[in-house]
Amino acid sequence: MNIIGKRLPKVDSWDKVVGATKYAGDLSLPRMVHARILRSTMPHARILNVDVRAAQELPGVCAVITGRDVPIKYGILPSSQDEEALCVDKVRFVGDPVAAVAAIDPETAERALELIEVEYETLTPVLSIPDALDETRDAIHDEAHADHHNIHKLVALEFGDLAAGFAQADYVLEDTYFYQGNTHLALEEHAALAAYSPDGHLTLWSSTQTPHYVHRALAKTLELPPSRIRVIAPAIGGGFGGKTDPFAHEIVACKLAMLTGRPVKIMLNREEVFYCHRGRHPVLMWVKMGVRSDGEPTALHFRTMLDGGAYGSYGVASTYYTGALQTVTYKIPAYKFEGMRVFTNKPPCGPKRGHGTPQPRFALEVHLDKIAQHLGLDPAEYRKRFVVDDNTKTVNHLTITTCGLRECIDKVVEASGYQKKKDEGGRMKDEINPAHSSFTPHPSSLRRGLGLACGAYLSGAGLPIYWNDMPHSGVIVKVDRSGGVAVFCGSTDIGQGSDSLLAYIAAEEFGIDVRDVRVVTADTDLTPVDLGSYSSRVTVMTGNACLEAIRPLKEKILDTAAEKLMVPAESLSFRKGEIVCEDDDARRLKWNEAVVLAETKYGTLSGTGSYKPPKRAGPYKGSGVGVTPSYSYSACAAQVSVDIETGQVKVEKVWIAHDAGRALNPLLVEGQTEGSVYMGVGEALMEEMTYRGGLHKTPSLLDYKSPTTLDMPEIHTFLVETLDPEGPYGAKEAGQGPLLPVPPAIANAVFDAVGVRIDETPITPEKILKALSDTSSSAEKTKGRAPRVGPKDFPQAPYPEPIRVEPPASAPKLR
């Protein structure tokens with residue numbers, strides 16, 4: 001191949017390097033006014049009155065609206081239509097939008113907000129999972145939006161004979177874990193610009209990952225015909241899932257544009273982004289696993305409690321995701337999952353890179369490490385023995401096509417010197433080199449450890465957010481008589497390189513230079529529908545759609561070229577701007593000449609392609625979550641040093657191997673993988689969304705701790721290519737899966753270094769010092785277990801009677 005598999009720059013890289021790229025915040029239109037949103041200062045309260053008269057009278061104010069002007073509820077999932085663009089009767093978290101102002105400049109809009117008076121009736125806030133389980137607390141939503149009081153969603157599923165599985169186990173381990181919530185921290189804040197034309201057409205430019213779903217939300221909330229709404233996603237300065245919901249500011253900007261007849265621009269500040277973030281759910285987990293003496297799993301029982309914040313967002317799907325993918329890495333013959341998501345009076349959580357899967361992966365991989373330690377098994381070899389096989393089904397009816405996890409484990413074990421660095425007791429040899437450590441004041445207090453963990457993720461969700469039988473992705477390809485190629489697709493490039501992917505495929509198939517391909521994306525008027533950039537779906541789904549659009553065009557061009565060259569069409573191939581006869585190299589035709597011949601014979605050259613994932617859902621409610629065309633796999637080894645005097649952890653090196661099928665551009669896949677490592681290090685060691693009385697404690701880039709370049713380890717990346725039959729050229733996902741094994745690998749490395757378990761994130765110095773100080777009197781030690789810091793118990797919860805499902809014939813079996 002000339003393009004696929006090569007290390008090429010992204011097609012938009014030059015514009016970004018020289019600062020020519022236009023983001024939503026850069027856009028401006030004539031007569032444009034600016035909008036700001038008044039947000040609640042109360043975590044939970046009824047709205048008794050909103051007085052906007054003084055704001056309306058302020059010179060320079062063009063319009064003021066409240067919830068009464070946009071009362072229709074919306075939400076990303078059909079089952080969670082519980083949000084309002086501006087709150088009508090009640091606020092549910094500090095930062096909930098209450099009123100909005102459009103004015104001639106941002107300063108006037110801010111002054112107008114200060115003049116709006118809101119009268120509240122305070123309600124008891126629900127600020128934790130135990131609070132949500134307390135039925136004496138005020139309900140956050142009515143019964144239409146909750147399974148029970150402040151419990152948003154309850155799930156209980158059982159696959160196979162769990163009781164028999166535990167009965168056959170030689171060792172059973174139970175433990176609890178907690179994964180703290182965190183946010184996306186995209187460099188670009190949310191921004192939107194709306195314009196309403198005199199003929200009744202609405203256009204919205206927004207920093208969104210899902211223009212199609214925003215389009216649907218606008219049609220519903222503004223009661224406009226969908227055909228008169230256009231949503232355009234300009235270049236996006238980072239998303240990571242934080243821009244996949246329809247947001248209040250998008251609806252507000254459009255409503256104000258309709259009222260004023262002028263373009264309206266709204267840009268959220270950093271504090272607002274922290275409050276409306278839709279980031280990682282805090283999840284409390286209980287794990288019970290049974291294994292034989294050689295470590296073979298016999299049964300797994302997994303419980304999760306998600307703190308969802310004030311609204312539904314993607315929460316129903318997130319709840320299922322905390323259980324669905326536990327079975328796609330290792331052979332589990334019996335599995336029970338119970339999940340619960342609660343409403344609290346905090347900013348709503350949603351999808352962040354990995355969407356509901358890093359939390360349970362952290363728990364499972366640390367749990368496996370504990371089992372391996374108890375049984376005296378090598379953690380790497382132990383995992384390898386029970387990895388799922390190609391072309392099989394899991395106990396919960398998920399289809400495995402290809403799995404390169406064994407090779408991933410081998411790669412990181414060999415590169416890290418994993419075996420050589422372990423002594424007979426299983427701990428890493430003390431090879432501290434102060435020159436490579438940031439803790440030089442006390443080199444004698446440093447301890448070094450090495451940890452391993454694995455993960456898996458899906459290549460796009462197998463079902464759309466609103467169920468239908470239409471394609472998930474569509475592509476139109478146009479070939480011009482000049483030889484230029486244009487690719488139109490609704491997908492959104494959020495920095496991962498999806499625009500480049502489309503250009504690479506077109507250039508590869510037509511044998512032309514990538515620079516001769518133009519890509520037009522994320523415009524609901526010009527491009528066919530694509531569901532958006534989330535769940536690592538774009539490579540497989542838009543890639544396949546693009547190939548389907550191109551191949552009929554290739555047939556037409558080859559047909560006319562064959563007539564001209566007087567050879568069979570099947571003997572021709574596209575090669576470096578020409579069409580060449582493989583049997584007679586002298587017979588060749590320039591690309592643009594062949595295009596002219598084809599257009600002369602067939603007329604305008606355009607092709608359409610679409611893609612729908614294979615239908616693979618199991619025979620039970622909720623089986624659509626976790627279904628995908630293919631799963632990616634990752635293994636990670638992390639080397640850390642821990643200062644036992646300060647508790648500080650330094651991640652020194654990370655070895656990460658990722659099975660992405662075929663790497664369409666290894667440079668971009670490596671970039672995605674290393675970006676996942678960066679995010680995983682932050683979530684493991686420092687990132688957390690914490691609140692006091694509903695107020696965010698660190699809503700700024702200064703106070704919210706995330707890794708800097710000085711905190712980043714040396715990263716060694718390995719790509720494992722399995723050539724999956726479901727993906728374009730054999731590709732699978734690369735955007736989210738590599739994050740999953742990083743936090744548990746770091747946690748396991750910390751244990752290897754200092755002999756204490758930190759069973760929650762973030763792994764802070766305070767927690768390490770607490771665990772170390774408890775080593776002599778720890779109750780855990782008296783049970784023969786390592787001292788730990790983590791949740792001590794799991795609350796009683798009203799999980800329903802599980803739906804019992806018979807496993808598929810090819811699922812792992814109990815012996």
# chains A, B, ... in the order shown; residues from 1 in each chain; ligands from 1
>>> residues_around(residues="A:Thr527", least_positions_apart="4", cutoff="6 Å", atoms="only C-alpha atoms", output="PyMOL selection string")
chain A and resi 488-490+523
>>> write_last_selection(atoms="C-alpha atoms", output="PDB file, in the first residue's frame")
ATOM      1  CA  PHE A 488     -18.272  14.393   2.395  1.00  0.00           C
ATOM      2  CA  CYS A 489     -19.026  12.849   5.784  1.00  0.00           C
ATOM      3  CA  GLY A 490     -20.848  13.936   8.924  1.00  0.00           C
ATOM      4  CA  ASP A 523     -22.139  19.920   8.429  1.00  0.00           C
TER       5      ASP A 523
END
>>> closest_atom_pairs(of="stretch 2-105 of chain A", to="stretch 340-364 of chain A", cutoff="9 Å", atoms="only C-alpha atoms", output="CSV")
residue,atom,partner,partner_atom,distance
A:Pro43,CA,A:Asn345,CA,5.5
A:His44,CA,A:Asn345,CA,6.3
A:Val91,CA,A:Asn345,CA,9.0
A:Arg92,CA,A:Asn345,CA,5.4
A:Phe93,CA,A:Asn345,CA,4.8
A:Val94,CA,A:Lys346,CA,7.0
A:Gly95,CA,A:Pro347,CA,7.5
A:Asp96,CA,A:Pro347,CA,8.1
>>> select_by_dssp(residues="stretch 505-558 of chain A", states="strand (DSSP E or B)", output="number ranges by chain")
A: 517-521, 523, 530
>>> closest_residue(among="A:Val291, A:Ala310, A:Val720, A:Ala334", to="A:Leu127", atoms="only C-alpha atoms")
A:Ala310
>>> closest_atom_pairs(of="stretch 177-288 of chain A", to="stretch 61-84 of chain A", cutoff="9 Å", atoms="only C-alpha atoms", output="CSV")
residue,atom,partner,partner_atom,distance
A:Tyr213,CA,A:Ile76,CA,7.2
A:Val214,CA,A:Ile76,CA,8.6
A:Ala217,CA,A:Tyr74,CA,6.5
A:Lys220,CA,A:Tyr74,CA,7.5
A:Thr221,CA,A:Ile72,CA,5.2
A:Leu222,CA,A:Val70,CA,7.2
A:Glu223,CA,A:Ile72,CA,8.9
A:Thr244,CA,A:Ile76,CA,8.4
A:Asp245,CA,A:Ile76,CA,5.8
A:Pro246,CA,A:Ile76,CA,6.5
A:Phe247,CA,A:Gly75,CA,8.8
A:Ala248,CA,A:Glu84,CA,7.2
A:Ile251,CA,A:Val70,CA,8.4
A:Val252,CA,A:Val70,CA,8.1
A:Lys255,CA,A:Val70,CA,7.8
A:Leu256,CA,A:Ala63,CA,6.9
A:Leu259,CA,A:Ala63,CA,7.3
A:Thr260,CA,A:Cys62,CA,6.6
>>> write_last_selection(atoms="N, CA and C atoms", output="PDB file, in the first residue's frame")
ATOM      1  N   TYR A 213     -26.812  14.790  16.688  1.00  0.00           N
ATOM      2  CA  TYR A 213     -27.659  14.743  17.886  1.00  0.00           C
ATOM      3  C   TYR A 213     -28.023  16.140  18.381  1.00  0.00           C
ATOM      4  N   VAL A 214     -27.140  17.103  18.202  1.00  0.00           N
ATOM      5  CA  VAL A 214     -27.487  18.493  18.523  1.00  0.00           C
ATOM      6  C   VAL A 214     -28.611  18.961  17.604  1.00  0.00           C
ATOM      7  N   ALA A 217     -31.834  17.701  18.967  1.00  0.00           N
ATOM      8  CA  ALA A 217     -32.236  18.409  20.182  1.00  0.00           C
ATOM      9  C   ALA A 217     -32.782  19.796  19.871  1.00  0.00           C
ATOM     10  N   LYS A 220     -36.332  19.599  18.551  1.00  0.00           N
ATOM     11  CA  LYS A 220     -37.313  19.305  19.605  1.00  0.00           C
ATOM     12  C   LYS A 220     -37.564  20.515  20.499  1.00  0.00           C
ATOM     13  N   THR A 221     -36.496  21.113  21.028  1.00  0.00           N
ATOM     14  CA  THR A 221     -36.665  22.162  22.035  1.00  0.00           C
ATOM     15  C   THR A 221     -37.158  23.473  21.445  1.00  0.00           C
ATOM     16  N   LEU A 222     -36.815  23.754  20.185  1.00  0.00           N
ATOM     17  CA  LEU A 222     -37.228  25.014  19.559  1.00  0.00           C
ATOM     18  C   LEU A 222     -38.453  24.851  18.676  1.00  0.00           C
ATOM     19  N   GLU A 223     -38.915  23.610  18.543  1.00  0.00           N
ATOM     20  CA  GLU A 223     -40.108  23.283  17.749  1.00  0.00           C
ATOM     21  C   GLU A 223     -39.988  23.822  16.320  1.00  0.00           C
ATOM     22  N   THR A 244     -20.144  15.627  23.692  1.00  0.00           N
ATOM     23  CA  THR A 244     -21.049  14.709  22.991  1.00  0.00           C
ATOM     24  C   THR A 244     -22.511  14.916  23.358  1.00  0.00           C
ATOM     25  N   ASP A 245     -22.801  15.544  24.472  1.00  0.00           N
ATOM     26  CA  ASP A 245     -24.187  15.865  24.820  1.00  0.00           C
ATOM     27  C   ASP A 245     -24.648  17.106  24.058  1.00  0.00           C
ATOM     28  N   PRO A 246     -25.949  17.239  23.802  1.00  0.00           N
ATOM     29  CA  PRO A 246     -26.481  18.572  23.471  1.00  0.00           C
ATOM     30  C   PRO A 246     -26.435  19.420  24.747  1.00  0.00           C
ATOM     31  N   PHE A 247     -25.995  20.662  24.646  1.00  0.00           N
ATOM     32  CA  PHE A 247     -25.816  21.494  25.822  1.00  0.00           C
ATOM     33  C   PHE A 247     -26.781  22.674  25.825  1.00  0.00           C
ATOM     34  N   ALA A 248     -27.048  23.161  27.040  1.00  0.00           N
ATOM     35  CA  ALA A 248     -27.973  24.275  27.217  1.00  0.00           C
ATOM     36  C   ALA A 248     -27.532  25.509  26.442  1.00  0.00           C
ATOM     37  N   ILE A 251     -28.734  25.605  22.803  1.00  0.00           N
ATOM     38  CA  ILE A 251     -30.159  25.923  22.653  1.00  0.00           C
ATOM     39  C   ILE A 251     -30.416  27.401  22.960  1.00  0.00           C
ATOM     40  N   VAL A 252     -29.759  27.897  24.000  1.00  0.00           N
ATOM     41  CA  VAL A 252     -29.933  29.297  24.403  1.00  0.00           C
ATOM     42  C   VAL A 252     -29.472  30.239  23.295  1.00  0.00           C
ATOM     43  N   LYS A 255     -32.117  30.224  20.555  1.00  0.00           N
ATOM     44  CA  LYS A 255     -33.357  30.913  20.943  1.00  0.00           C
ATOM     45  C   LYS A 255     -33.158  32.430  20.927  1.00  0.00           C
ATOM     46  N   LEU A 256     -32.029  32.894  21.442  1.00  0.00           N
ATOM     47  CA  LEU A 256     -31.764  34.336  21.443  1.00  0.00           C
ATOM     48  C   LEU A 256     -31.588  34.865  20.025  1.00  0.00           C
ATOM     49  N   LEU A 259     -35.021  35.366  18.637  1.00  0.00           N
ATOM     50  CA  LEU A 259     -35.733  36.502  19.226  1.00  0.00           C
ATOM     51  C   LEU A 259     -35.172  37.838  18.763  1.00  0.00           C
ATOM     52  N   THR A 260     -33.860  37.925  18.611  1.00  0.00           N
ATOM     53  CA  THR A 260     -33.240  39.214  18.289  1.00  0.00           C
ATOM     54  C   THR A 260     -33.084  39.439  16.787  1.00  0.00           C
TER      55      THR A 260
END
>>> residues_around(residues="stretch 641-648 of chain A", least_positions_apart="3", cutoff="6 Å", atoms="only C-alpha atoms", output="count of residues only")
7
>>> closest_atom_pairs(of="stretch 555-646 of chain A", to="stretch 154-178 of chain A", cutoff="12 Å", atoms="only C-alpha atoms", output="Markdown table")
| residue | atom | partner | partner_atom | distance |
| --- | --- | --- | --- | --- |
| A:Gly618 | CA | A:Phe159 | CA | 11.3 |
| A:Pro619 | CA | A:Phe159 | CA | 11.4 |
| A:Tyr620 | CA | A:Leu157 | CA | 8.9 |
| A:Lys621 | CA | A:Leu157 | CA | 9.2 |
| A:Gly622 | CA | A:Val155 | CA | 8.6 |
| A:Ser623 | CA | A:Leu157 | CA | 10.0 |
>>> write_last_selection(atoms="C-alpha atoms", output="JSON list (two decimals), in the first residue's frame")
[["chain", "number", "residue", "atom", "x", "y", "z"],
["A", 618, "GLY", "CA", -27.96, -10.96, 23.00],
["A", 619, "PRO", "CA", -31.44, -12.21, 23.99],
["A", 620, "TYR", "CA", -31.97, -9.91, 26.97],
["A", 621, "LYS", "CA", -32.80, -6.29, 27.77],
["A", 622, "GLY", "CA", -29.67, -4.16, 27.87],
["A", 623, "SER", "CA", -27.74, -6.47, 25.55]]
>>> residues_around(residues="A:Lys90", least_positions_apart="3", cutoff="6 Å", atoms="only C-alpha atoms", output="list in words")
Ala45, Arg46 and Ile47 of chain A
>>> write_last_selection(atoms="all heavy atoms", output="PDB file, in the first residue's frame")
ATOM      1  N   ALA A  45     -32.902  23.498  44.814  1.00  0.00           N
ATOM      2  CA  ALA A  45     -33.875  24.502  45.252  1.00  0.00           C
ATOM      3  C   ALA A  45     -34.988  24.633  44.225  1.00  0.00           C
ATOM      4  O   ALA A  45     -34.792  24.360  43.032  1.00  0.00           O
ATOM      5  CB  ALA A  45     -33.197  25.853  45.456  1.00  0.00           C
ATOM      6  N   ARG A  46     -36.160  25.037  44.723  1.00  0.00           N
ATOM      7  CA  ARG A  46     -37.251  25.409  43.827  1.00  0.00           C
ATOM      8  C   ARG A  46     -37.082  26.872  43.424  1.00  0.00           C
ATOM      9  O   ARG A  46     -36.659  27.706  44.223  1.00  0.00           O
ATOM     10  CB  ARG A  46     -38.607  25.210  44.507  1.00  0.00           C
ATOM     11  CG  ARG A  46     -38.975  23.750  44.702  1.00  0.00           C
ATOM     12  CD  ARG A  46     -40.425  23.591  45.145  1.00  0.00           C
ATOM     13  NE  ARG A  46     -40.747  22.184  45.352  1.00  0.00           N
ATOM     14  CZ  ARG A  46     -40.593  21.528  46.495  1.00  0.00           C
ATOM     15  NH1 ARG A  46     -40.128  22.194  47.561  1.00  0.00           N
ATOM     16  NH2 ARG A  46     -40.885  20.251  46.586  1.00  0.00           N
ATOM     17  N   ILE A  47     -37.428  27.155  42.186  1.00  0.00           N
ATOM     18  CA  ILE A  47     -37.393  28.536  41.690  1.00  0.00           C
ATOM     19  C   ILE A  47     -38.766  29.151  41.947  1.00  0.00           C
ATOM     20  O   ILE A  47     -39.768  28.716  41.368  1.00  0.00           O
ATOM     21  CB  ILE A  47     -37.058  28.586  40.193  1.00  0.00           C
ATOM     22  CG1 ILE A  47     -35.687  27.966  39.929  1.00  0.00           C
ATOM     23  CG2 ILE A  47     -37.094  30.017  39.677  1.00  0.00           C
ATOM     24  CD1 ILE A  47     -35.355  27.813  38.450  1.00  0.00           C
TER      25      ILE A  47
END
>>> closest_residue(among="A:Leu204, A:Leu29, A:Val273, A:Ala731", to="A:Glu189", atoms="only C-alpha atoms")
A:Val273
>>> residues_around(residues="A:Ala506", least_positions_apart="2", cutoff="9 Å", atoms="only C-alpha atoms", output="PDB file with N, CA and C atoms, in the first residue's frame")
ATOM      1  N   VAL A 477     -18.624  10.516  -2.048  1.00  0.00           N
ATOM      2  CA  VAL A 477     -17.338  10.813  -2.676  1.00  0.00           C
ATOM      3  C   VAL A 477     -17.607  11.359  -4.071  1.00  0.00           C
ATOM      4  N   VAL A 485     -10.550  14.993  -5.718  1.00  0.00           N
ATOM      5  CA  VAL A 485     -11.533  14.139  -5.055  1.00  0.00           C
ATOM      6  C   VAL A 485     -12.041  14.859  -3.812  1.00  0.00           C
ATOM      7  N   ALA A 486     -13.350  14.851  -3.616  1.00  0.00           N
ATOM      8  CA  ALA A 486     -13.955  15.433  -2.415  1.00  0.00           C
ATOM      9  C   ALA A 486     -14.705  14.341  -1.670  1.00  0.00           C
ATOM     10  N   VAL A 487     -14.484  14.289  -0.362  1.00  0.00           N
ATOM     11  CA  VAL A 487     -15.149  13.309   0.499  1.00  0.00           C
ATOM     12  C   VAL A 487     -16.029  14.070   1.477  1.00  0.00           C
ATOM     13  N   LEU A 501      -8.127  10.342   8.094  1.00  0.00           N
ATOM     14  CA  LEU A 501      -8.458   8.957   7.758  1.00  0.00           C
ATOM     15  C   LEU A 501      -9.220   8.879   6.439  1.00  0.00           C
ATOM     16  N   LEU A 502     -10.221   9.747   6.271  1.00  0.00           N
ATOM     17  CA  LEU A 502     -11.005   9.746   5.034  1.00  0.00           C
ATOM     18  C   LEU A 502     -10.136  10.098   3.831  1.00  0.00           C
ATOM     19  N   ALA A 503      -9.236  11.045   4.025  1.00  0.00           N
ATOM     20  CA  ALA A 503      -8.341  11.424   2.920  1.00  0.00           C
ATOM     21  C   ALA A 503      -7.380  10.286   2.589  1.00  0.00           C
ATOM     22  N   TYR A 504      -6.863   9.610   3.610  1.00  0.00           N
ATOM     23  CA  TYR A 504      -5.944   8.494   3.364  1.00  0.00           C
ATOM     24  C   TYR A 504      -6.630   7.390   2.561  1.00  0.00           C
ATOM     25  N   GLU A 508      -5.519   6.240  -1.079  1.00  0.00           N
ATOM     26  CA  GLU A 508      -5.059   4.856  -1.271  1.00  0.00           C
ATOM     27  C   GLU A 508      -5.845   4.156  -2.365  1.00  0.00           C
ATOM     28  N   GLU A 509      -7.159   4.272  -2.332  1.00  0.00           N
ATOM     29  CA  GLU A 509      -7.992   3.560  -3.289  1.00  0.00           C
ATOM     30  C   GLU A 509      -7.811   4.080  -4.709  1.00  0.00           C
ATOM     31  N   PHE A 510      -7.613   5.395  -4.861  1.00  0.00           N
ATOM     32  CA  PHE A 510      -7.460   5.972  -6.201  1.00  0.00           C
ATOM     33  C   PHE A 510      -5.996   6.102  -6.629  1.00  0.00           C
ATOM     34  N   GLY A 511      -5.075   5.786  -5.731  1.00  0.00           N
ATOM     35  CA  GLY A 511      -3.667   5.866  -6.088  1.00  0.00           C
ATOM     36  C   GLY A 511      -3.175   7.271  -6.345  1.00  0.00           C
ATOM     37  N   ILE A 512      -3.699   8.252  -5.602  1.00  0.00           N
ATOM     38  CA  ILE A 512      -3.336   9.654  -5.818  1.00  0.00           C
ATOM     39  C   ILE A 512      -2.684  10.223  -4.570  1.00  0.00           C
ATOM     40  N   VAL A 514      -2.384  12.454  -1.271  1.00  0.00           N
ATOM     41  CA  VAL A 514      -3.348  12.867  -0.241  1.00  0.00           C
ATOM     42  C   VAL A 514      -3.733  14.331  -0.421  1.00  0.00           C
ATOM     43  N   VAL A 517      -6.991  15.345  -2.239  1.00  0.00           N
ATOM     44  CA  VAL A 517      -8.277  14.971  -1.645  1.00  0.00           C
ATOM     45  C   VAL A 517      -8.734  16.084  -0.713  1.00  0.00           C
ATOM     46  N   CYS A 546     -16.715   4.912   3.678  1.00  0.00           N
ATOM     47  CA  CYS A 546     -15.915   5.557   2.645  1.00  0.00           C
ATOM     48  C   CYS A 546     -15.493   4.549   1.575  1.00  0.00           C
ATOM     49  N   LEU A 547     -15.082   3.372   2.000  1.00  0.00           N
ATOM     50  CA  LEU A 547     -14.705   2.334   1.029  1.00  0.00           C
ATOM     51  C   LEU A 547     -15.892   1.943   0.154  1.00  0.00           C
ATOM     52  N   ILE A 550     -16.411   4.555  -2.518  1.00  0.00           N
ATOM     53  CA  ILE A 550     -15.338   4.673  -3.513  1.00  0.00           C
ATOM     54  C   ILE A 550     -15.353   3.534  -4.520  1.00  0.00           C
TER      55      ILE A 550
END
>>> residues_around(residues="stretch 375-388 of chain A", least_positions_apart="5", cutoff="8 Å", atoms="only C-alpha atoms", output="PDB file with N, CA and C atoms, in the first residue's frame")
ATOM      1  N   SER A 293      -7.031 -23.419  41.783  1.00  0.00           N
ATOM      2  CA  SER A 293      -5.703 -23.242  42.344  1.00  0.00           C
ATOM      3  C   SER A 293      -4.700 -22.739  41.329  1.00  0.00           C
ATOM      4  N   ASP A 294      -4.957 -22.980  40.033  1.00  0.00           N
ATOM      5  CA  ASP A 294      -4.064 -22.463  38.995  1.00  0.00           C
ATOM      6  C   ASP A 294      -4.486 -21.084  38.502  1.00  0.00           C
ATOM      7  N   GLY A 295      -5.498 -20.504  39.131  1.00  0.00           N
ATOM      8  CA  GLY A 295      -5.962 -19.171  38.775  1.00  0.00           C
ATOM      9  C   GLY A 295      -7.094 -19.125  37.780  1.00  0.00           C
ATOM     10  N   GLU A 296      -7.523 -20.263  37.239  1.00  0.00           N
ATOM     11  CA  GLU A 296      -8.594 -20.278  36.249  1.00  0.00           C
ATOM     12  C   GLU A 296      -9.884 -19.716  36.853  1.00  0.00           C
ATOM     13  N   VAL A 328     -14.742  -9.554  28.220  1.00  0.00           N
ATOM     14  CA  VAL A 328     -14.152  -9.643  26.878  1.00  0.00           C
ATOM     15  C   VAL A 328     -12.630  -9.746  26.889  1.00  0.00           C
ATOM     16  N   THR A 329     -12.019  -9.807  28.064  1.00  0.00           N
ATOM     17  CA  THR A 329     -10.566 -10.009  28.127  1.00  0.00           C
ATOM     18  C   THR A 329     -10.215 -11.433  28.542  1.00  0.00           C
ATOM     19  N   TYR A 330     -10.854 -11.929  29.604  1.00  0.00           N
ATOM     20  CA  TYR A 330     -10.520 -13.246  30.136  1.00  0.00           C
ATOM     21  C   TYR A 330     -11.750 -14.153  30.077  1.00  0.00           C
ATOM     22  N   LYS A 331     -11.519 -15.446  30.061  1.00  0.00           N
ATOM     23  CA  LYS A 331     -12.599 -16.425  29.934  1.00  0.00           C
ATOM     24  C   LYS A 331     -13.324 -16.569  31.273  1.00  0.00           C
ATOM     25  N   LEU A 368      -7.293  -9.036  40.150  1.00  0.00           N
ATOM     26  CA  LEU A 368      -6.524 -10.146  39.577  1.00  0.00           C
ATOM     27  C   LEU A 368      -5.106 -10.176  40.122  1.00  0.00           C
ATOM     28  N   ASP A 369      -4.525  -9.006  40.333  1.00  0.00           N
ATOM     29  CA  ASP A 369      -3.176  -8.949  40.885  1.00  0.00           C
ATOM     30  C   ASP A 369      -3.145  -9.530  42.298  1.00  0.00           C
ATOM     31  N   ILE A 400     -16.339 -11.966  20.044  1.00  0.00           N
ATOM     32  CA  ILE A 400     -14.925 -11.657  19.881  1.00  0.00           C
ATOM     33  C   ILE A 400     -14.523 -12.052  18.455  1.00  0.00           C
ATOM     34  N   CYS A 403      -8.335 -11.077  18.798  1.00  0.00           N
ATOM     35  CA  CYS A 403      -7.796 -10.632  20.089  1.00  0.00           C
ATOM     36  C   CYS A 403      -6.289 -10.803  20.073  1.00  0.00           C
ATOM     37  N   LEU A 405      -4.337  -9.790  22.610  1.00  0.00           N
ATOM     38  CA  LEU A 405      -3.906  -9.444  23.964  1.00  0.00           C
ATOM     39  C   LEU A 405      -2.678 -10.247  24.405  1.00  0.00           C
ATOM     40  N   ARG A 406      -2.612 -11.507  24.035  1.00  0.00           N
ATOM     41  CA  ARG A 406      -1.431 -12.286  24.439  1.00  0.00           C
ATOM     42  C   ARG A 406      -0.153 -11.652  23.889  1.00  0.00           C
ATOM     43  N   ILE A 409       0.708  -8.527  25.851  1.00  0.00           N
ATOM     44  CA  ILE A 409       1.366  -8.837  27.120  1.00  0.00           C
ATOM     45  C   ILE A 409       2.828  -9.193  26.883  1.00  0.00           C
ATOM     46  N   VAL A 413       6.051  -7.161  28.511  1.00  0.00           N
ATOM     47  CA  VAL A 413       6.877  -7.948  29.429  1.00  0.00           C
ATOM     48  C   VAL A 413       8.325  -7.977  28.944  1.00  0.00           C
ATOM     49  N   GLY A 426       8.782 -11.998  44.056  1.00  0.00           N
ATOM     50  CA  GLY A 426       7.787 -11.364  43.207  1.00  0.00           C
ATOM     51  C   GLY A 426       7.836  -9.861  43.218  1.00  0.00           C
ATOM     52  N   LEU A 452       1.574  -4.467  36.190  1.00  0.00           N
ATOM     53  CA  LEU A 452       1.027  -4.866  34.892  1.00  0.00           C
ATOM     54  C   LEU A 452      -0.486  -4.862  34.953  1.00  0.00           C
TER      55      LEU A 452
END
>>> residues_around(residues="A:Glu760", least_positions_apart="3", cutoff="8 Å", atoms="only C-alpha atoms", output="ChimeraX atom specification")
/A:177-180,763,789-791
>>> atom_distance(atom1="atom CA of A:Glu570", atom2="atom CA of A:Tyr729")
20.2 Å
>>> atom_distance(atom1="atom CA of A:Gln56", atom2="atom CA of A:Arg262")
16.8 Å
>>> select_by_dssp(residues="stretch 24-201 of chain A", states="helix (DSSP H, G or I)", output="ChimeraX atom specification")
/A:24-26,53-57,67-69,106-115,129-133,143-145,162-167
